[in-house]
Each structure stands twice: as structure tokens, then as C-alpha cells.
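Quick notes on the structure that follows.
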Amino acid sequence: MPEQSILVLDPASSDHHAEHEALRARGPASRVDVLGVTAWSISDPRLLKQLLNSAQVSKDARAHWPEFAEAVPTWPLALWVAVNNMFTAYGDDHRRLRRMVAPAFSSRRVQAMRPAVEGIVDSLLDALASRPAGESVDLREHLAYPLPIAVIGRLMGVPDSRRESFRSLVDNVFSTTLTAAQAAANAASLYEALDRLIAAKRAEPEPGDDMTSLLIAARDDEGDGSGFTDAELRDTLLLMISAGYETTVNVIDQAVTALLTDPQQLAHLRAGRADWNDVVEETLRHEPAVKHLPLRFAVTDIPLPDGQAIAKGEAILASYGAANRDPDWHGPTADRFDATRPSKEHLAFGHGVHFCLGAPLARLEVTTALRALFERFPEIELAVPVAELRPLPSLISNGHRSLP
């Protein structure tokens, strides 16, 4: 078949729905330009599941991407492939790293955090209730942001005084409009902040029960080589703080937007035809927190259903936003938000061995926030037409710049 032209993805993601539709129209896999790096965007959910679950696909750029050394100094998204943690690990290394992190997100530990999550939500809503009646407020700034920052801060033991500085640094990790120099400077600042956190935890007279202290202990106490290296420790903290914050912000943002855009959805909730879990899962399907996730790499040549092939060493982009709305998966109404949809299956948390460990905590936070918000403020409405909500300038992160 004739070779397809390369589709240049919009770094500012000004119309991601149109872009996702264009990806699906090009077939199950198509070559795209991601800020100067060529990759195969996978928008077909069946193919994407297959690849995400295949040993033929790796996240270890150093081992399986021939362009790694050339790309990292100049690519604005270098941090996404250069970190040393379970996000970029493959095979035995991935299993080793995931095994050490998994206890942080056990069912018992997540359920134990429920009272803290509810308390944080209540205090944020109390602050909103103290404002003058009828006043417009940015819910992204005053609910969607502070909740996961407070939760991940408690989980990781980040002092209150340092949480805002982490927030701005993490925001820039998800931005795709920074230059390579700006991204490198942001990464350097982020690592400095992580080093200060590690040093402060090591200086405490008694180890805490927060995950930073527990991961440091895993680094310092393992003598058989199965523990973290210094680089793995630092990059694991980076992963847990960033992934545990930015994505949850977007799900709250998108769920509120969907409910306030379509009054029928709130009517379904109030009549018992849907519940808050339905809303969360449909939001994850309809507007996943991450649109595209860079990058994976072909360990061997991989034939595709349409006769093309991903060559060994080529990069692969998981296009979750496009895959989740595939009409062959969710029918002709795939583009519509419907909390009563019988099947809300999605790939928002990934699939296979790299499925997001933090999914149960994210679901707890979003469900708690939505239920409490609409109970406290049953007459809440958007302060601007939905068409005026501006998307985040990122082909990765899927949210709005503000939510008035």
C-alpha cells in the first residue's frame, strides 16, 4: 500500500477532537510527528490493547530506541523517555520497580485515605460556600487542583509549604509548548526539589510512614541489588507526585464540564438511572485525562492489520483519546457523554503490565469531589458558554485552562 504522509500533531492541541477523528480516519495506526519525533499513533482500541500487552513493545528508550541519544538533548518531551522508573522500565526491571511501589496503592491503603479525602473536599467546599452568593469561581483552581495536591502531598509526605512549587513544575512536565531549553530547565528545577525532599526525609530522626520515607528505606536497606538505585528512587518520586496529581485534576475538570453542559446527565443521577461511579467511568472514556502518552518502542518488527509494519526500534504513541471514542467500540454515539451507557470500557488508565497503579485512588478522589460538590451546590452552572472554555496547551494533558 502507498506510504502515508506524516500527520503533525498540534502541540497546543487547539482542537483535539478533530485531530483524533483524523487519526481514526487514517486507519488503526498512522505515522505522526510529536514535536519533531516521528512515531506510530495507535488509535484503534483493539490494536492498542494488543500492543500494550505485548512483550514486543517496550517503554525502555535506552534499550530499544535507536534515536534516544540523538533525541534527548533536543526533544522537549525528553523527560518522558529519559526517567529511570517503572514508567520507562521493561521486563524484569519493570516487575522489580512496580513491586516496590505497589504497596502505596493497595486497596487497604487507599480505603484508609477515604476520611482524609472527604475532609479535604469538605474544607475546599466550605471555602467556596463562604464566597458571596452568585459569584463566579474557577473550580479548576479552587477544587480540581488543590484536592489531588493535598492527597498526594499527604501520601508522599511533601510538606504543605512545598506543594505549590511542585505544582508549577509538574504542570510544565505536561506542557507541550515549552522549548527544549525551557523543558530542560524545568526538569532541573524539579530534580532539585526532589533532592531537597529526599534530604529532608533522610535527616528526620525517625522514619515516617509516608511513601517517600518508605521508598528511601527500600533504597537504603536492600543489600541484594533488588532495591532502588539513586536515580530510580528520585524518578519514582517524580512519577508518583506528577501522575498522582495532574491526571486527577483533569478528570474532575472534565466531569464537571460534562454534567453542566448536559442537564439530562444530572437528571439521570438524581433519578437513580446512573450513579457517581458511572459519571467517573464515562468521563474517563469520553475525555481521558491523558490524550496521548509518549512513548513505547517496537522490540521487533510488528505487522499491522492493514498491511503496514512498525519496524524494530520505531516509536509508538498510545492515543487514548482517539481510541476511547472509536465508533466500532462504543457505537455511533461514541462522541456523546452518556452516564447511562451500558459499557463504559476505556483505556484512560492504560492496559496490561503498565496499567496505572494509582487508578483506585484517583477514582476515590474524583467520586468524592463530584458527589460533595453537587450536593452542596445543586444549582451550580457554568459561568461562560462551554465553547469559551480554552483547552490546556498540551497534546498530553486533557483539561481546561480554567473552569468558571
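Labels for the C-alpha cells follow display order: chains A, B, ..., residues from 1 in each chain, ligands from 1.
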
Give me the residues of region 88-155 of chain A that have any atom at most 12 Å from an atom of region 230-235 of chain A; for each, the nearest atom pair and the distance in Å, rounded to one decimal. Use only C-alpha atoms, sort by chain and number, and format it as CSV.
```
residue,atom,partner,partner_atom,distance
A:Thr88,CA,A:Asp235,CA,10.1
A:Ala89,CA,A:Glu232,CA,10.3
A:Asp93,CA,A:Glu232,CA,10.7
A:His94,CA,A:Glu232,CA,11.2
A:Arg96,CA,A:Glu232,CA,11.2
A:Leu97,CA,A:Glu232,CA,8.4
A:Arg98,CA,A:Glu232,CA,11.4
A:Met100,CA,A:Leu233,CA,10.5
A:Val101,CA,A:Leu233,CA,10.4
```

Just the selected residues (C-alpha atoms), exported as a compact mmCIF listing (two decimals), in the first residue's frame, please.
```
# COMPACT_ATOMS: atom_id res chain seq x y z
CA THR A 88 10.05 3.54 31.36
CA ALA A 89 11.09 0.05 32.52
CA ASP A 93 13.22 -4.26 35.73
CA HIS A 94 9.61 -3.18 35.43
CA ARG A 96 11.05 -5.19 40.27
CA LEU A 97 10.20 -1.49 40.40
CA ARG A 98 6.43 -1.96 40.30
CA MET A 100 8.23 -1.88 45.42
CA VAL A 101 5.73 0.86 44.56
```

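Near region 347-362 of chain A, within a cut-off of 6 Å and counting only C-alpha atoms, sit the residues Leu52, Asn53, Val110, Thr248, Leu284 and Pro288 of chain A, with same-chain residues fewer than 4 positions away left out.
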
Suppose we keep all heavy atoms; can you now write the selection as a PDB file, in the first residue's frame?
```pdb
ATOM      1  N   LEU A  52      -0.154  -2.841  23.929  1.00  0.00           N
ATOM      2  CA  LEU A  52       0.143  -2.508  25.320  1.00  0.00           C
ATOM      3  C   LEU A  52       0.399  -3.752  26.163  1.00  0.00           C
ATOM      4  O   LEU A  52       1.034  -3.680  27.216  1.00  0.00           O
ATOM      5  CB  LEU A  52      -1.006  -1.707  25.934  1.00  0.00           C
ATOM      6  CG  LEU A  52      -1.284  -0.324  25.344  1.00  0.00           C
ATOM      7  CD1 LEU A  52      -2.458   0.340  26.059  1.00  0.00           C
ATOM      8  CD2 LEU A  52      -0.049   0.564  25.423  1.00  0.00           C
ATOM      9  N   ASN A  53      -0.099  -4.877  25.698  1.00  0.00           N
ATOM     10  CA  ASN A  53       0.025  -6.120  26.453  1.00  0.00           C
ATOM     11  C   ASN A  53       1.079  -7.058  25.863  1.00  0.00           C
ATOM     12  O   ASN A  53       1.175  -8.208  26.275  1.00  0.00           O
ATOM     13  CB  ASN A  53      -1.327  -6.850  26.490  1.00  0.00           C
ATOM     14  CG  ASN A  53      -1.545  -7.625  27.764  1.00  0.00           C
ATOM     15  OD1 ASN A  53      -0.997  -7.303  28.804  1.00  0.00           O
ATOM     16  ND2 ASN A  53      -2.339  -8.676  27.689  1.00  0.00           N
ATOM     17  N   VAL A 110      -5.607   2.652  50.187  1.00  0.00           N
ATOM     18  CA  VAL A 110      -6.497   3.621  49.538  1.00  0.00           C
ATOM     19  C   VAL A 110      -7.747   3.836  50.394  1.00  0.00           C
ATOM     20  O   VAL A 110      -8.171   4.981  50.611  1.00  0.00           O
ATOM     21  CB  VAL A 110      -6.865   3.151  48.118  1.00  0.00           C
ATOM     22  CG1 VAL A 110      -7.984   4.014  47.535  1.00  0.00           C
ATOM     23  CG2 VAL A 110      -5.636   3.207  47.205  1.00  0.00           C
ATOM     24  N   THR A 248      -5.669  13.563  37.885  1.00  0.00           N
ATOM     25  CA  THR A 248      -6.889  13.692  38.687  1.00  0.00           C
ATOM     26  C   THR A 248      -7.523  15.065  38.507  1.00  0.00           C
ATOM     27  O   THR A 248      -8.755  15.186  38.463  1.00  0.00           O
ATOM     28  CB  THR A 248      -6.583  13.432  40.168  1.00  0.00           C
ATOM     29  OG1 THR A 248      -5.935  12.153  40.289  1.00  0.00           O
ATOM     30  CG2 THR A 248      -7.846  13.422  41.008  1.00  0.00           C
ATOM     31  N   LEU A 284     -13.846   9.217  32.075  1.00  0.00           N
ATOM     32  CA  LEU A 284     -12.566   8.616  31.686  1.00  0.00           C
ATOM     33  C   LEU A 284     -12.605   8.106  30.251  1.00  0.00           C
ATOM     34  O   LEU A 284     -11.589   8.131  29.546  1.00  0.00           O
ATOM     35  CB  LEU A 284     -12.226   7.478  32.646  1.00  0.00           C
ATOM     36  CG  LEU A 284     -11.858   7.904  34.072  1.00  0.00           C
ATOM     37  CD1 LEU A 284     -11.910   6.716  35.023  1.00  0.00           C
ATOM     38  CD2 LEU A 284     -10.472   8.539  34.099  1.00  0.00           C
ATOM     39  N   PRO A 288     -10.498  11.321  28.436  1.00  0.00           N
ATOM     40  CA  PRO A 288      -9.447  10.799  29.315  1.00  0.00           C
ATOM     41  C   PRO A 288      -8.462  11.888  29.713  1.00  0.00           C
ATOM     42  O   PRO A 288      -8.207  12.818  28.944  1.00  0.00           O
ATOM     43  CB  PRO A 288      -8.776   9.720  28.465  1.00  0.00           C
ATOM     44  CG  PRO A 288      -9.082  10.103  27.056  1.00  0.00           C
ATOM     45  CD  PRO A 288     -10.450  10.729  27.089  1.00  0.00           C
TER      46      PRO A 288
END
```

For this session: May I have the residues within 8 Å of region 265-271 of chain A as a PyMOL selection string, using only C-alpha atoms and disregarding those fewer than 3 positions away in the same chain?
Result: chain A and resi 259-260+262+274-276+338-340

Exercise. Can you tell me, as a PyMOL selection string, what residues are no more than 8 Å from Ala311 (chain A) when counting only C-alpha atoms, ignoring any on the same chain fewer than 4 positions away?
Worked result: chain A and resi 298+300-302

Same residues, C-alpha atoms, output as a PDB file, in the first residue's frame:
```pdb
ATOM      1  CA  ALA A 298       8.992  -1.866  18.923  1.00  0.00           C
ATOM      2  CA  THR A 300      10.867  -6.489  16.853  1.00  0.00           C
ATOM      3  CA  ASP A 301       9.144  -5.757  13.548  1.00  0.00           C
ATOM      4  CA  ILE A 302       5.366  -5.717  14.213  1.00  0.00           C
TER       5      ILE A 302
END
```

Exercise. Any idea what the distance is between CA of Arg376 (chain A) and CA of Ala116 (chain A)?
Worked result: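 Atom-to-atom, CA of Arg376 (chain A) and CA of Ala116 (chain A) are spaced 18.5 Å apart.
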
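Shortest separation to Glu246 (chain A) among A:Leu48, A:Leu373, A:Val170, A:Leu143 occurs at residue A:Val170, atoms counted being only C-alpha atoms.
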
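Closest approach to Asp92 (chain A) among A:Leu125, A:Ala55, A:Ala315, A:Ala217: A:Ala55, based on only C-alpha atoms.
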
For this session: Write out as an NGL selection string the residues lying within 12 Å of Glu135 (chain A), counting only C-alpha atoms and excluding same-chain residues fewer than 6 positions away.
Result: :A and (128-129 or 380-383 or 404)

Write to file, as a compact mmCIF listing (two decimals), in the first residue's frame, the residues of the selection just made, with all heavy atoms.
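again-v5.txt was written with the following content:
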```txt
# COMPACT_ATOMS: atom_id res chain seq x y z
N LEU A 128 -15.52 27.57 49.33
CA LEU A 128 -16.37 28.05 48.24
C LEU A 128 -17.69 28.60 48.77
O LEU A 128 -18.19 29.62 48.29
CB LEU A 128 -16.66 26.92 47.25
CG LEU A 128 -15.48 26.38 46.44
CD1 LEU A 128 -15.95 25.26 45.51
CD2 LEU A 128 -14.82 27.49 45.62
N ALA A 129 -18.24 27.94 49.78
CA ALA A 129 -19.52 28.38 50.35
C ALA A 129 -19.41 29.72 51.05
O ALA A 129 -20.42 30.42 51.22
CB ALA A 129 -20.04 27.32 51.32
N ILE A 380 -25.42 24.83 40.78
CA ILE A 380 -24.19 25.25 40.12
C ILE A 380 -24.37 25.23 38.61
O ILE A 380 -25.08 24.39 38.05
CB ILE A 380 -23.03 24.31 40.55
CG1 ILE A 380 -21.69 24.81 40.00
CG2 ILE A 380 -23.28 22.89 40.10
CD1 ILE A 380 -20.51 23.99 40.52
N GLU A 381 -23.76 26.18 37.92
CA GLU A 381 -23.80 26.21 36.45
C GLU A 381 -22.54 26.85 35.93
O GLU A 381 -21.83 27.57 36.66
CB GLU A 381 -25.04 26.97 35.96
CG GLU A 381 -25.12 28.39 36.45
CD GLU A 381 -26.42 29.07 36.05
OE1 GLU A 381 -27.47 28.39 36.05
OE2 GLU A 381 -26.39 30.28 35.76
N LEU A 382 -22.23 26.58 34.67
CA LEU A 382 -21.07 27.22 34.04
C LEU A 382 -21.30 28.73 33.97
O LEU A 382 -22.41 29.19 33.70
CB LEU A 382 -20.84 26.67 32.63
CG LEU A 382 -20.30 25.24 32.51
CD1 LEU A 382 -20.23 24.83 31.04
CD2 LEU A 382 -18.92 25.13 33.15
N ALA A 383 -20.23 29.49 34.20
CA ALA A 383 -20.34 30.95 34.16
C ALA A 383 -20.09 31.51 32.77
O ALA A 383 -20.27 32.71 32.54
CB ALA A 383 -19.34 31.56 35.15
N PRO A 404 -14.69 28.27 35.00
CA PRO A 404 -15.51 29.20 35.79
C PRO A 404 -16.96 28.75 35.92
O PRO A 404 -17.58 28.37 34.95
CB PRO A 404 -15.40 30.50 35.00
CG PRO A 404 -15.13 30.09 33.59
CD PRO A 404 -14.38 28.79 33.66
```
